$ cat input19.csv   # CSV, C-alpha atoms (C1' of nucleotides)
chain,number,residue,atom,x,y,z
A,186,MET,CA,-3.2,25.9,25.6
A,187,THR,CA,-2.6,23.0,27.8
A,188,ALA,CA,-5.8,21.3,26.7
A,189,LEU,CA,-4.4,20.8,23.2
A,190,ALA,CA,-1.3,19.0,24.5
A,191,VAL,CA,-3.2,17.0,27.0
A,192,MET,CA,-5.5,15.7,24.3
A,193,ASP,CA,-2.5,14.9,22.0
A,194,ARG,CA,-1.1,12.8,24.8
A,195,LEU,CA,-4.4,11.1,25.4
A,196,ARG,CA,-5.1,10.3,21.8
A,197,ALA,CA,-1.6,8.9,21.3
A,198,ARG,CA,-1.9,6.8,24.4
A,199,VAL,CA,-5.3,5.4,23.5
A,200,ALA,CA,-4.3,4.7,20.0
A,201,ALA,CA,-1.1,2.9,21.1
A,202,GLY,CA,-2.8,0.9,23.8
A,203,ALA,CA,-5.9,-0.3,22.1
A,204,GLY,CA,-5.4,0.5,18.4
A,205,LEU,CA,-8.5,2.7,18.4
A,206,GLY,CA,-9.3,6.1,17.3
A,207,GLU,CA,-10.8,8.8,19.4
A,208,THR,CA,-14.4,8.2,18.2
A,209,GLU,CA,-14.1,4.5,18.6
A,210,ALA,CA,-12.8,4.9,22.2
A,211,ALA,CA,-15.5,7.3,23.0
A,212,ALA,CA,-18.2,5.0,21.7
A,213,LEU,CA,-16.9,2.1,23.7
A,214,VAL,CA,-16.7,4.1,26.9
A,215,HIS,CA,-20.2,5.5,26.3
A,216,VAL,CA,-21.8,2.2,25.6
A,217,GLN,CA,-20.1,0.7,28.6
A,218,ALA,CA,-21.6,3.5,30.8
A,219,TRP,CA,-25.0,3.2,29.1
A,220,PRO,CA,-25.7,-0.1,27.5
A,221,GLY,CA,-28.8,-0.4,25.4
A,222,GLY,CA,-28.5,3.0,23.8
A,223,SER,CA,-29.5,3.6,20.2
A,224,VAL,CA,-27.3,4.5,17.2
A,225,GLY,CA,-28.9,8.0,17.2
A,226,ASP,CA,-28.0,8.6,20.8
A,227,LEU,CA,-24.4,7.5,20.2
A,228,ALA,CA,-24.2,9.9,17.2
A,229,GLY,CA,-25.0,12.8,19.4
A,230,VAL,CA,-22.5,11.8,22.0
A,231,VAL,CA,-19.5,11.2,19.7
A,232,GLY,CA,-20.4,14.2,17.5
A,233,LEU,CA,-20.7,12.4,14.2
A,234,SER,CA,-23.5,12.3,11.7
A,235,GLN,CA,-25.9,9.4,11.9
A,236,PRO,CA,-24.5,7.6,8.9
A,237,ALA,CA,-21.0,7.9,10.1
A,238,THR,CA,-22.1,6.5,13.5
A,239,VAL,CA,-23.6,3.5,11.7
A,240,ARG,CA,-20.2,2.8,10.1
A,241,LEU,CA,-18.5,3.3,13.4
A,242,VAL,CA,-20.8,0.7,14.9
A,243,ASP,CA,-20.1,-1.5,11.9
A,244,ARG,CA,-16.4,-1.3,12.6
A,245,LEU,CA,-16.8,-2.1,16.3
A,246,VAL,CA,-19.1,-5.0,15.6
A,247,GLU,CA,-16.6,-6.3,13.1
A,248,LYS,CA,-13.9,-6.2,15.7
A,249,GLY,CA,-16.1,-8.1,18.0
A,250,LEU,CA,-16.4,-5.3,20.6
A,251,VAL,CA,-20.1,-4.4,20.2
A,252,ARG,CA,-23.3,-6.3,19.6
A,253,ARG,CA,-26.5,-5.0,18.0
A,254,GLU,CA,-29.6,-6.2,19.9
A,255,VAL,CA,-33.2,-5.5,19.3
A,256,GLY,CA,-34.5,-2.5,21.4
A,257,ARG,CA,-38.0,-2.0,22.6
A,258,ASN,CA,-39.2,-1.1,19.1
A,259,ARG,CA,-38.1,-3.3,16.3
A,260,ARG,CA,-36.8,-0.2,14.4
A,261,THR,CA,-34.4,0.8,17.1
A,262,VAL,CA,-31.2,-1.0,17.8
A,263,SER,CA,-29.8,-1.6,21.3
A,264,LEU,CA,-26.0,-1.4,21.5
A,265,VAL,CA,-24.2,-3.6,24.0
A,266,LEU,CA,-20.6,-4.3,24.6
A,267,THR,CA,-19.3,-7.8,24.2
A,268,ASP,CA,-16.9,-9.1,26.8
A,269,ALA,CA,-14.0,-8.1,24.6
A,270,GLY,CA,-15.6,-4.7,24.2
A,271,SER,CA,-15.9,-4.2,27.9
A,272,ARG,CA,-12.2,-5.1,28.3
A,273,ALA,CA,-11.4,-2.7,25.5
A,274,ALA,CA,-13.3,0.1,27.2
A,275,ASP,CA,-11.4,-0.7,30.4
A,276,ALA,CA,-8.2,-0.5,28.4
A,277,VAL,CA,-9.2,2.9,27.1
A,278,LEU,CA,-9.9,4.2,30.5
A,279,LEU,CA,-6.6,2.7,31.7
A,280,ALA,CA,-4.8,4.4,28.9
A,281,ARG,CA,-6.5,7.6,29.9
A,282,THR,CA,-5.3,7.3,33.4
A,283,GLU,CA,-1.8,6.5,32.3
A,284,ALA,CA,-1.7,9.5,30.1
A,285,LEU,CA,-2.9,11.8,32.8
A,286,THR,CA,-1.2,10.6,35.9
A,287,PRO,CA,2.4,11.7,35.1
A,288,LEU,CA,1.1,15.2,34.3
A,289,LEU,CA,-0.6,15.5,37.6
A,290,ALA,CA,2.5,14.3,39.2
A,291,GLU,CA,4.0,17.7,38.4
A,292,LEU,CA,1.7,19.1,41.1
A,293,SER,CA,1.5,18.7,44.8
A,294,PRO,CA,-1.6,17.0,46.1
A,295,ARG,CA,-2.9,20.2,47.4
A,296,GLU,CA,-2.4,21.9,44.0
A,297,ARG,CA,-3.9,19.0,42.3
A,298,ALA,CA,-7.0,19.3,44.3
A,299,THR,CA,-7.3,23.0,43.5
A,300,LEU,CA,-6.8,22.3,39.9
A,301,GLU,CA,-9.4,19.7,39.8
A,302,ARG,CA,-11.9,22.0,41.5
A,303,LEU,CA,-11.2,24.8,39.1
A,304,LEU,CA,-11.4,22.6,36.1
A,305,GLY,CA,-14.6,21.2,37.4
A,306,GLN,CA,-16.0,24.6,37.7
A,307,VAL,CA,-15.0,25.4,34.1
A,308,ALA,CA,-16.5,22.2,32.9
A,309,ALA,CA,-19.7,22.9,34.6
A,310,GLY,CA,-20.1,25.9,32.4
A,311,LEU,CA,-19.6,23.8,29.3
A,312,ALA,CA,-22.7,21.7,29.3
A,313,GLU,CA,-26.0,22.9,30.5
A,314,ASP,CA,-28.2,20.2,29.3
A,315,ARG,CA,-28.0,16.4,29.5
A,316,PRO,CA,-26.9,15.6,26.0
A,317,GLY,CA,-24.2,18.3,26.3
A,318,ALA,CA,-23.0,16.7,29.5
A,319,LEU,CA,-22.9,13.3,27.9
A,320,ARG,CA,-20.9,14.7,25.0
A,321,VAL,CA,-18.4,16.3,27.4
A,322,CYS,CA,-18.0,13.2,29.5
A,323,ARG,CA,-17.7,10.8,26.6
A,324,LEU,CA,-14.3,9.7,27.7
A,325,CYS,CA,-14.9,10.0,31.5
A,326,ASP,CA,-14.4,7.2,33.9
A,327,ARG,CA,-17.7,6.9,35.6
A,328,LYS,CA,-16.3,5.0,38.5
A,329,ALA,CA,-13.9,7.8,39.2
A,330,CYS,CA,-16.8,10.2,39.1
A,331,THR,CA,-18.8,8.4,41.8
A,332,SER,CA,-15.9,7.5,44.0
A,333,GLY,CA,-14.2,10.9,44.1
A,334,PRO,CA,-15.6,14.3,45.0
A,335,GLY,CA,-18.2,13.7,42.3
A,336,CYS,CA,-18.5,14.8,38.8
A,337,PRO,CA,-19.3,18.5,38.3
A,338,LEU,CA,-21.8,17.5,35.7
A,339,GLN,CA,-24.8,15.9,37.5
A,340,HIS,CA,-26.4,14.3,34.6
A,341,THR,CA,-23.8,11.8,33.7
A,342,THR,CA,-23.0,9.5,36.5
A,343,ARG,CA,-26.2,7.5,36.5
A,344,PRO,CA,-29.2,7.2,34.3
A,345,ASP,CA,-32.5,8.5,35.2
A,346,PRO,CA,-33.9,5.4,37.1
A,347,THR,CA,-37.5,6.2,36.2
A,348,ARG,CA,-36.8,5.6,32.5
A,349,PRO,CA,-35.8,2.5,30.6
A,350,SER,CA,-32.1,2.7,29.9
A,351,GLY,CA,-32.6,3.0,26.1
A,352,ALA,CA,-34.6,6.1,26.4
A,353,ALA,CA,-32.5,7.9,29.0
A,354,THR,CA,-30.2,9.6,26.4
A,355,ARG,CA,-32.9,10.6,24.0
A,356,ARG,CA,-32.1,13.8,22.1
B,196,MET,CA,-11.9,15.6,31.1
B,197,THR,CA,-12.2,19.2,30.6
B,198,ALA,CA,-9.5,19.3,28.0
B,199,LEU,CA,-11.6,17.3,25.6
B,200,ALA,CA,-14.5,19.7,25.9
B,201,VAL,CA,-12.3,22.7,25.6
B,202,MET,CA,-10.8,21.4,22.4
B,203,ASP,CA,-14.2,20.6,21.0
B,204,ARG,CA,-15.2,24.2,21.6
B,205,LEU,CA,-12.0,25.5,20.1
B,206,ARG,CA,-12.2,23.4,17.0
B,207,ALA,CA,-15.8,24.3,16.4
B,208,ARG,CA,-15.1,28.0,16.8
B,209,VAL,CA,-12.1,28.0,14.6
B,210,ALA,CA,-13.8,26.0,11.9
B,211,ALA,CA,-16.8,28.3,12.0
B,212,GLY,CA,-14.8,31.5,12.1
B,213,ALA,CA,-12.3,30.8,9.4
B,214,GLY,CA,-13.5,27.7,7.6
B,215,LEU,CA,-10.3,25.9,8.5
B,216,GLY,CA,-9.4,22.6,10.1
B,217,GLU,CA,-7.3,22.2,13.2
B,218,THR,CA,-4.1,21.4,11.2
B,219,GLU,CA,-4.6,24.3,8.9
B,220,ALA,CA,-5.1,26.7,11.7
B,221,ALA,CA,-2.0,25.4,13.5
B,222,ALA,CA,0.0,25.8,10.4
B,223,LEU,CA,-1.0,29.4,9.9
B,224,VAL,CA,-0.3,30.3,13.5
B,225,HIS,CA,3.0,28.6,13.5
B,226,VAL,CA,4.2,30.2,10.2
B,227,GLN,CA,3.0,33.6,11.5
B,228,ALA,CA,5.1,33.1,14.6
B,229,TRP,CA,8.1,31.8,12.6
B,230,PRO,CA,8.1,32.9,9.0
B,231,GLY,CA,10.7,31.2,6.8
B,232,GLY,CA,10.4,27.8,8.2
B,233,SER,CA,10.6,24.7,6.1
B,234,VAL,CA,8.0,22.1,5.3
B,235,GLY,CA,9.8,19.5,7.4
B,236,ASP,CA,9.8,21.8,10.4
B,237,LEU,CA,6.1,22.4,9.9
B,238,ALA,CA,5.5,18.7,9.7
B,239,GLY,CA,7.0,18.2,13.1
B,240,VAL,CA,4.9,21.0,14.6
B,241,VAL,CA,1.5,20.0,13.3
B,242,GLY,CA,2.1,16.3,13.8
B,243,LEU,CA,1.7,15.1,10.3
B,244,SER,CA,3.8,13.1,8.0
B,245,GLN,CA,6.0,15.0,5.5
B,246,PRO,CA,3.8,14.2,2.5
B,247,ALA,CA,0.7,15.2,4.3
B,248,THR,CA,2.3,18.5,5.2
B,249,VAL,CA,3.1,19.1,1.6
B,250,ARG,CA,-0.5,18.7,0.8
B,251,LEU,CA,-1.5,20.9,3.7
B,252,VAL,CA,0.8,23.6,2.3
B,253,ASP,CA,-0.7,23.1,-1.1
B,254,ARG,CA,-4.1,23.8,0.3
B,255,LEU,CA,-3.0,26.9,2.0
B,256,VAL,CA,-1.2,28.2,-1.0
B,257,GLU,CA,-4.2,27.5,-3.2
B,258,LYS,CA,-6.3,29.5,-0.7
B,259,GLY,CA,-3.8,32.4,-1.1
B,260,LEU,CA,-2.8,32.2,2.6
B,261,VAL,CA,0.8,31.0,2.2
B,262,ARG,CA,3.6,31.6,-0.2
B,263,ARG,CA,6.5,29.3,-0.9
B,264,GLU,CA,9.8,31.2,-1.2
B,265,VAL,CA,13.3,29.9,-1.8
B,266,GLY,CA,15.2,29.3,1.4
B,267,ARG,CA,19.0,29.4,1.8
B,268,ASN,CA,19.4,26.2,-0.1
B,269,ARG,CA,17.5,25.8,-3.3
B,270,ARG,CA,16.2,22.5,-2.1
B,271,THR,CA,14.6,23.9,1.0
B,272,VAL,CA,11.4,26.0,0.9
B,273,SER,CA,10.7,29.0,3.0
B,274,LEU,CA,7.1,29.3,4.1
B,275,VAL,CA,5.7,32.8,4.5
B,276,LEU,CA,2.2,34.1,5.1
B,277,THR,CA,0.5,36.3,2.6
B,278,ASP,CA,-1.4,39.3,3.9
B,279,ALA,CA,-4.6,37.3,3.7
B,280,GLY,CA,-2.8,34.5,5.5
B,281,SER,CA,-1.7,36.8,8.3
B,282,ARG,CA,-5.3,38.0,8.7
B,283,ALA,CA,-6.5,34.4,8.7
B,284,ALA,CA,-4.0,33.6,11.5
B,285,ASP,CA,-5.2,36.6,13.4
B,286,ALA,CA,-8.8,35.3,12.9
B,287,VAL,CA,-7.8,31.9,14.3
B,288,LEU,CA,-6.3,33.5,17.4
B,289,LEU,CA,-9.3,35.6,17.8
B,290,ALA,CA,-11.6,32.6,17.5
B,291,ARG,CA,-9.4,30.9,20.1
B,292,THR,CA,-9.9,33.8,22.5
B,293,GLU,CA,-13.6,33.9,21.9
B,294,ALA,CA,-13.9,30.2,22.6
B,295,LEU,CA,-11.9,30.4,25.8
B,296,THR,CA,-13.1,33.7,27.3
B,297,PRO,CA,-16.6,32.6,28.3
B,298,LEU,CA,-15.1,29.6,30.0
B,299,LEU,CA,-12.8,31.6,32.1
B,300,ALA,CA,-15.6,33.9,32.9
B,301,GLU,CA,-16.9,31.2,35.2
B,302,LEU,CA,-14.0,31.9,37.5
B,303,SER,CA,-13.1,34.9,39.6
B,304,PRO,CA,-10.0,36.7,38.6
B,305,ARG,CA,-8.1,35.2,41.5
B,306,GLU,CA,-9.2,31.7,40.6
B,307,ARG,CA,-8.3,32.3,37.0
B,308,ALA,CA,-4.8,33.3,37.9
B,309,THR,CA,-4.4,30.2,40.0
B,310,LEU,CA,-5.7,28.0,37.2
B,311,GLU,CA,-3.4,29.6,34.8
B,312,ARG,CA,-0.4,29.0,37.0
B,313,LEU,CA,-1.3,25.4,37.7
B,314,LEU,CA,-2.0,24.7,34.0
B,315,GLY,CA,1.3,26.3,33.1
B,316,GLN,CA,3.0,24.0,35.6
B,317,VAL,CA,1.4,21.0,34.0
B,318,ALA,CA,2.3,22.2,30.5
B,319,ALA,CA,5.9,22.7,31.5
B,320,GLY,CA,6.1,19.0,32.2
B,321,LEU,CA,4.7,18.2,28.7
B,322,ALA,CA,7.6,19.4,26.6
B,323,GLU,CA,11.2,19.2,27.6
B,324,ASP,CA,12.8,20.0,24.3
B,325,ARG,CA,12.3,22.7,21.8
B,326,PRO,CA,10.4,20.8,19.2
B,327,GLY,CA,8.1,19.4,21.8
B,328,ALA,CA,7.4,22.9,23.0
B,329,LEU,CA,6.7,24.1,19.5
B,330,ARG,CA,4.3,21.3,19.1
B,331,VAL,CA,2.5,22.1,22.3
B,332,CYS,CA,2.3,25.8,21.5
B,333,ARG,CA,1.2,25.4,17.9
B,334,LEU,CA,-2.0,27.3,18.6
B,335,CYS,CA,-0.7,29.7,21.1
B,336,ASP,CA,-1.0,33.4,20.8
B,337,ARG,CA,2.7,34.6,21.1
B,338,LYS,CA,1.6,38.1,21.8
B,339,ALA,CA,-0.3,36.9,24.9
B,340,CYS,CA,2.8,34.9,25.9
B,341,THR,CA,5.1,37.9,26.0
B,342,SER,CA,2.6,40.5,27.4
B,343,GLY,CA,1.3,38.4,30.2
B,344,PRO,CA,3.1,36.6,33.0
B,345,GLY,CA,5.1,34.7,30.3
B,346,CYS,CA,4.7,31.4,28.7
B,347,PRO,CA,5.8,28.5,30.9
B,348,LEU,CA,7.7,27.0,27.9
B,349,GLN,CA,10.7,29.1,27.3
B,350,HIS,CA,11.5,27.9,23.9
B,351,THR,CA,8.6,29.3,22.1
B,352,THR,CA,8.3,33.0,22.4
B,353,ARG,CA,11.1,34.0,20.2
B,354,PRO,CA,13.6,32.3,18.0
B,355,ASP,CA,17.2,31.8,18.7
B,356,PRO,CA,18.6,35.1,17.3
B,357,THR,CA,22.0,33.5,16.6
B,358,ARG,CA,20.6,31.3,14.0
B,359,PRO,CA,18.9,32.0,10.7
B,360,SER,CA,15.2,31.7,11.1
B,361,GLY,CA,14.9,28.7,8.9
B,362,ALA,CA,17.1,26.5,11.0
B,363,ALA,CA,15.7,27.5,14.4
B,364,THR,CA,13.1,24.8,14.4
B,365,ARG,CA,15.1,21.9,13.0
B,366,ARG,CA,14.1,18.5,14.2
C,265,DC,C1',-59.6,0.6,10.1
C,266,DG,C1',-56.4,2.5,7.0
C,267,DC,C1',-53.5,6.0,5.5
C,268,DC,C1',-49.8,9.2,6.3
C,269,DA,C1',-46.2,11.7,8.6
C,270,DA,C1',-42.5,10.9,11.6
C,271,DT,C1',-38.6,8.2,13.2
C,272,DC,C1',-34.6,5.1,13.2
C,273,DA,C1',-31.3,2.6,10.8
C,274,DA,C1',-28.8,1.5,6.8
C,275,DT,C1',-26.7,2.3,2.1
C,276,DG,C1',-24.8,4.7,-2.3
C,277,DC,C1',-21.8,7.9,-3.6
C,278,DG,C1',-18.5,11.4,-3.7
C,279,DT,C1',-14.9,14.0,-1.1
C,280,DT,C1',-11.2,14.9,1.9
C,281,DG,C1',-7.2,14.0,4.5
C,282,DT,C1',-3.7,10.8,5.6
C,283,DG,C1',0.4,7.4,5.3
C,284,DC,C1',3.6,4.5,2.8
C,285,DA,C1',6.6,4.1,-0.9
C,286,DT,C1',9.0,6.3,-4.2
C,287,DA,C1',10.6,9.9,-7.4
C,288,DT,C1',12.9,14.4,-8.3
C,289,DG,C1',16.1,17.8,-7.6
C,290,DA,C1',19.9,20.0,-4.7
C,291,DT,C1',24.0,19.6,-1.7
C,292,DG,C1',28.3,18.3,0.1
C,293,DC,C1',31.9,15.2,0.8
C,294,DG,C1',35.4,11.9,-0.5
D,29,DC,C1',33.4,13.4,-10.7
D,30,DG,C1',30.5,10.3,-8.5
D,31,DC,C1',27.8,9.0,-4.6
D,32,DA,C1',25.4,9.1,-0.2
D,33,DT,C1',22.3,12.4,1.9
D,34,DC,C1',18.7,15.5,2.5
D,35,DA,C1',14.3,18.3,1.4
D,36,DT,C1',10.5,18.4,-1.2
D,37,DA,C1',7.1,16.5,-4.2
D,38,DT,C1',4.2,12.8,-6.3
D,39,DG,C1',1.6,8.1,-7.1
D,40,DC,C1',-1.3,5.3,-5.0
D,41,DA,C1',-4.4,3.3,-2.0
D,42,DC,C1',-7.2,3.6,2.1
D,43,DA,C1',-9.9,5.1,6.0
D,44,DA,C1',-13.4,8.1,7.6
D,45,DC,C1',-16.7,11.4,6.9
D,46,DG,C1',-21.1,14.0,5.1
D,47,DC,C1',-25.0,14.5,2.1
D,48,DA,C1',-28.8,12.5,0.0
D,49,DT,C1',-31.7,8.7,-0.1
D,50,DT,C1',-33.9,4.3,0.9
D,51,DG,C1',-36.2,0.8,3.7
D,52,DA,C1',-38.5,-0.6,7.7
D,53,DT,C1',-41.4,0.4,11.6
D,54,DT,C1',-44.3,3.1,14.5
D,55,DG,C1',-47.9,6.2,16.2
D,56,DG,C1',-51.4,9.3,15.4
D,57,DC,C1',-55.4,11.0,13.2
D,58,DG,C1',-59.2,11.2,10.3
$ encode --input "input19.csv" --output "structure tokens"
Amino acid sequence: MTALAVMDRLRARVAAGAGLGETEAAALVHVQAWPGGSVGDLAGVVGLSQPATVRLVDRLVEKGLVRREVGRNRRTVSLVLTDAGSRAADAVLLARTEALTPLLAELSPRERATLERLLGQVAAGLAEDRPGALRVCRLCDRKACTSGPGCPLQHTTRPDPTRPSGAATRR
Amino acid sequence: MTALAVMDRLRARVAAGAGLGETEAAALVHVQAWPGGSVGDLAGVVGLSQPATVRLVDRLVEKGLVRREVGRNRRTVSLVLTDAGSRAADAVLLARTEALTPLLAELSPRERATLERLLGQVAAGLAEDRPGALRVCRLCDRKACTSGPGCPLQHTTRPDPTRPSGAATRR
DNA sequence: CGCCAATCAATGCGTTGTGCATATGATGCG
DNA sequence: CGCATCATATGCACAACGCATTGATTGGCG
């Protein structure tokens, strides 16, 4: 299974480049894509329990990458990246690209396009609903999604503009 | 990244089907493919440190899935699956298939063949040497490799017959 | 208007899995 | 025969997680 090896590579690269684990990286990328989300939302995306997500946020706050702000309700927390956090998220995405590019270099441009199309088709079958799509795309570069042929998962590239950002990812 | 989601699915399925983690599953599959390997060999394949691999083997022995036998030298250990371990390895591979099949069902047979060819090409760029290939293929179904169009990584389908099995995977 | 169920975040506690450093036993070579 | 080397195993500490629970806040309903 190529997926396994690809993920190995990706994890190693992200860890080496930013000193972060997979969940931390996913959290940064997700919060960057959707600032203002709650802890519960993040838990669903990164696939951790709610308490574990609290600790995850604790770690990121301690590293100065994330800030907790007050959400609409005083019982919800609004997660935002600091400047350093935003740079870290960029670094994660850069590491992602660096891990993937040499692999795609094995293929001709035409083959690469075909592969991307087919993989997109497979990915489309992976996530029917919005939370599922968010989970799948937790390490996706949203800029790449909008600039290229478009992400095969419609729900992820931009929030529902009719809702306040904090509520867009509600489970 | 489709690879991420595919691995999520795979992990969940294996855990649900056999009650095993990713490293345990990989160990079982690898030992099934190459009985008689040493602990150090296994460490390289599953990507753990040597002590962690010892504990991993401890767990598998305690579950009655693996036996430690004496290797050629009395200082090396020869890892073999018990009957239950062999069944467990089969279960892992079955879970793997069950996780992957519905995804491939999204594609036409023609598209599927193309995807497999392209992914194989990418995988071939992932592992130049034998240990690397073993690491990549740690969850591969060897039977599928030999029956189908063939694994893109040559090193993995069968051991070097000129060497005793224990030494074939030396790092 | 006040109570109560629901919701979100946070904490206590125990477990698991891992790495680093080191110990133990076996081997081969000078 | 002694010593460097190698494979395995163990001591120890730590990081990350889940479950159960608590505390704070909110919205609904009588």
$ atom_distance --input "input19.csv" --atom1 "CA of Val331 (chain B)" --atom2 "CA of Gly235 (chain B)"
16.8 Å
$ interface_residues --input "input19.csv" --of "chain A" --to "chain B" --cutoff "10 Å" --atoms "all atoms listed in the file" --output "number ranges by chain"
A: 186-195, 232, 281, 285, 287-292, 296-297, 299-312, 317-318, 320-326
$ residues_around --input "input19.csv" --residues "DG58 (chain D)" --least-positions-apart "3" --cutoff "12 Å" --atoms "all atoms listed in the file" --output "list of chain:residue names"
C:DC265, C:DG266, C:DC267, C:DC268
$ write_last_selection --input "input19.csv" --atoms "C-alpha atoms (C1' of nucleotides)" --output "short mmCIF file (atom, residue, chain, number, x, y, z; two decimals), in the frame of the given file"
data_model
loop_
_atom_site.label_atom_id
_atom_site.label_comp_id
_atom_site.auth_asym_id
_atom_site.auth_seq_id
_atom_site.Cartn_x
_atom_site.Cartn_y
_atom_site.Cartn_z
"C1'" DC C 265 -59.60 0.60 10.10
"C1'" DG C 266 -56.40 2.50 7.00
"C1'" DC C 267 -53.50 6.00 5.50
"C1'" DC C 268 -49.80 9.20 6.30
#
$ residues_around --input "input19.csv" --residues "Leu288 (chain B)" --least-positions-apart "2" --cutoff "9 Å" --atoms "all atoms listed in the file" --output "number ranges by chain"
B: 209, 220, 224, 283-286, 290-293, 334-336
$ atom_distance --input "input19.csv" --atom1 "CA of Leu255 (chain B)" --atom2 "CA of Leu215 (chain B)"
9.8 Å
$ residues_around --input "input19.csv" --residues "Thr238 (chain A)" --least-positions-apart "4" --cutoff "12 Å" --atoms "all atoms listed in the file" --output "list in words"
Thr208, Glu209, Ala211, Ala212, Ser223, Val224, Gly225, Asp226, Leu227, Ala228, Gly229, Val230, Val231, Gly232, Leu233, Ser234, Val242, Asp243, Arg244, Leu245 and Leu264 of chain A; DA273 and DA274 of chain C; DA44, DC45 and DG46 of chain D
$ residues_around --input "input19.csv" --residues "DT271 (chain C)" --least-positions-apart "2" --cutoff "9 Å" --atoms "all atoms listed in the file" --output "PyMOL selection string"
(chain A and resi 260) or (chain D and resi 53-54)
$ write_last_selection --input "input19.csv" --atoms "C-alpha atoms (C1' of nucleotides)" --output "CSV table (one decimal), in the frame of the given file"
chain,number,residue,atom,x,y,z
A,260,ARG,CA,-36.8,-0.2,14.4
D,53,DT,C1',-41.4,0.4,11.6
D,54,DT,C1',-44.3,3.1,14.5
$ interface_residues --input "input19.csv" --of "chain C" --to "chain B" --cutoff "10 Å" --atoms "only C-alpha atoms (C1' of nucleotides)" --output "PyMOL selection string"
chain C and resi 281-284+289-291
$ interface_residues --input "input19.csv" --of "chain D" --to "chain B" --cutoff "10 Å" --atoms "all atoms listed in the file" --output "list of chain:residue names"
D:DC34, D:DA35, D:DT36, D:DA37, D:DT38
$ atom_distance --input "input19.csv" --atom1 "CA of Val261 (chain B)" --atom2 "CA of Lys338 (chain B)"
20.9 Å
$ build_atoms --input "input19.csv" --residues "region 279-291 of chain A" --atoms "N, CA and C atoms" --output "mmCIF file, keeping the file's coordinate frame"
data_model
loop_
_atom_site.group_PDB
_atom_site.id
_atom_site.type_symbol
_atom_site.label_atom_id
_atom_site.label_comp_id
_atom_site.auth_asym_id
_atom_site.auth_seq_id
_atom_site.Cartn_x
_atom_site.Cartn_y
_atom_site.Cartn_z
ATOM 1 N N LEU A 279 -7.941 2.915 31.143
ATOM 2 C CA LEU A 279 -6.600 2.700 31.700
ATOM 3 C C LEU A 279 -5.599 3.614 31.011
ATOM 4 N N ALA A 280 -5.681 3.602 29.688
ATOM 5 C CA ALA A 280 -4.800 4.400 28.900
ATOM 6 C C ALA A 280 -4.937 5.899 29.262
ATOM 7 N N ARG A 281 -6.175 6.279 29.446
ATOM 8 C CA ARG A 281 -6.500 7.600 29.900
ATOM 9 C C ARG A 281 -5.762 7.978 31.151
ATOM 10 N N THR A 282 -5.897 7.097 32.110
ATOM 11 C CA THR A 282 -5.300 7.300 33.400
ATOM 12 C C THR A 282 -3.752 7.411 33.255
ATOM 13 N N GLU A 283 -3.207 6.492 32.453
ATOM 14 C CA GLU A 283 -1.800 6.500 32.300
ATOM 15 C C GLU A 283 -1.243 7.732 31.618
ATOM 16 N N ALA A 284 -2.074 8.312 30.757
ATOM 17 C CA ALA A 284 -1.700 9.500 30.100
ATOM 18 C C ALA A 284 -1.712 10.716 31.026
ATOM 19 N N LEU A 285 -2.661 10.676 31.927
ATOM 20 C CA LEU A 285 -2.900 11.800 32.800
ATOM 21 C C LEU A 285 -2.058 11.858 34.038
ATOM 22 N N THR A 286 -1.825 10.686 34.592
ATOM 23 C CA THR A 286 -1.200 10.600 35.900
ATOM 24 C C THR A 286 0.182 11.339 35.931
ATOM 25 N N PRO A 287 1.078 11.065 34.968
ATOM 26 C CA PRO A 287 2.400 11.700 35.100
ATOM 27 C C PRO A 287 2.262 13.261 34.982
ATOM 28 N N LEU A 288 1.217 13.732 34.344
ATOM 29 C CA LEU A 288 1.100 15.200 34.300
ATOM 30 C C LEU A 288 0.679 15.750 35.633
ATOM 31 N N LEU A 289 -0.213 15.050 36.298
ATOM 32 C CA LEU A 289 -0.600 15.500 37.600
ATOM 33 C C LEU A 289 0.471 15.357 38.635
ATOM 34 N N ALA A 290 1.420 14.483 38.320
ATOM 35 C CA ALA A 290 2.500 14.300 39.200
ATOM 36 C C ALA A 290 3.388 15.535 39.353
ATOM 37 N N GLU A 291 3.236 16.427 38.385
ATOM 38 C CA GLU A 291 4.000 17.700 38.400
ATOM 39 C C GLU A 291 3.536 18.547 39.625
#
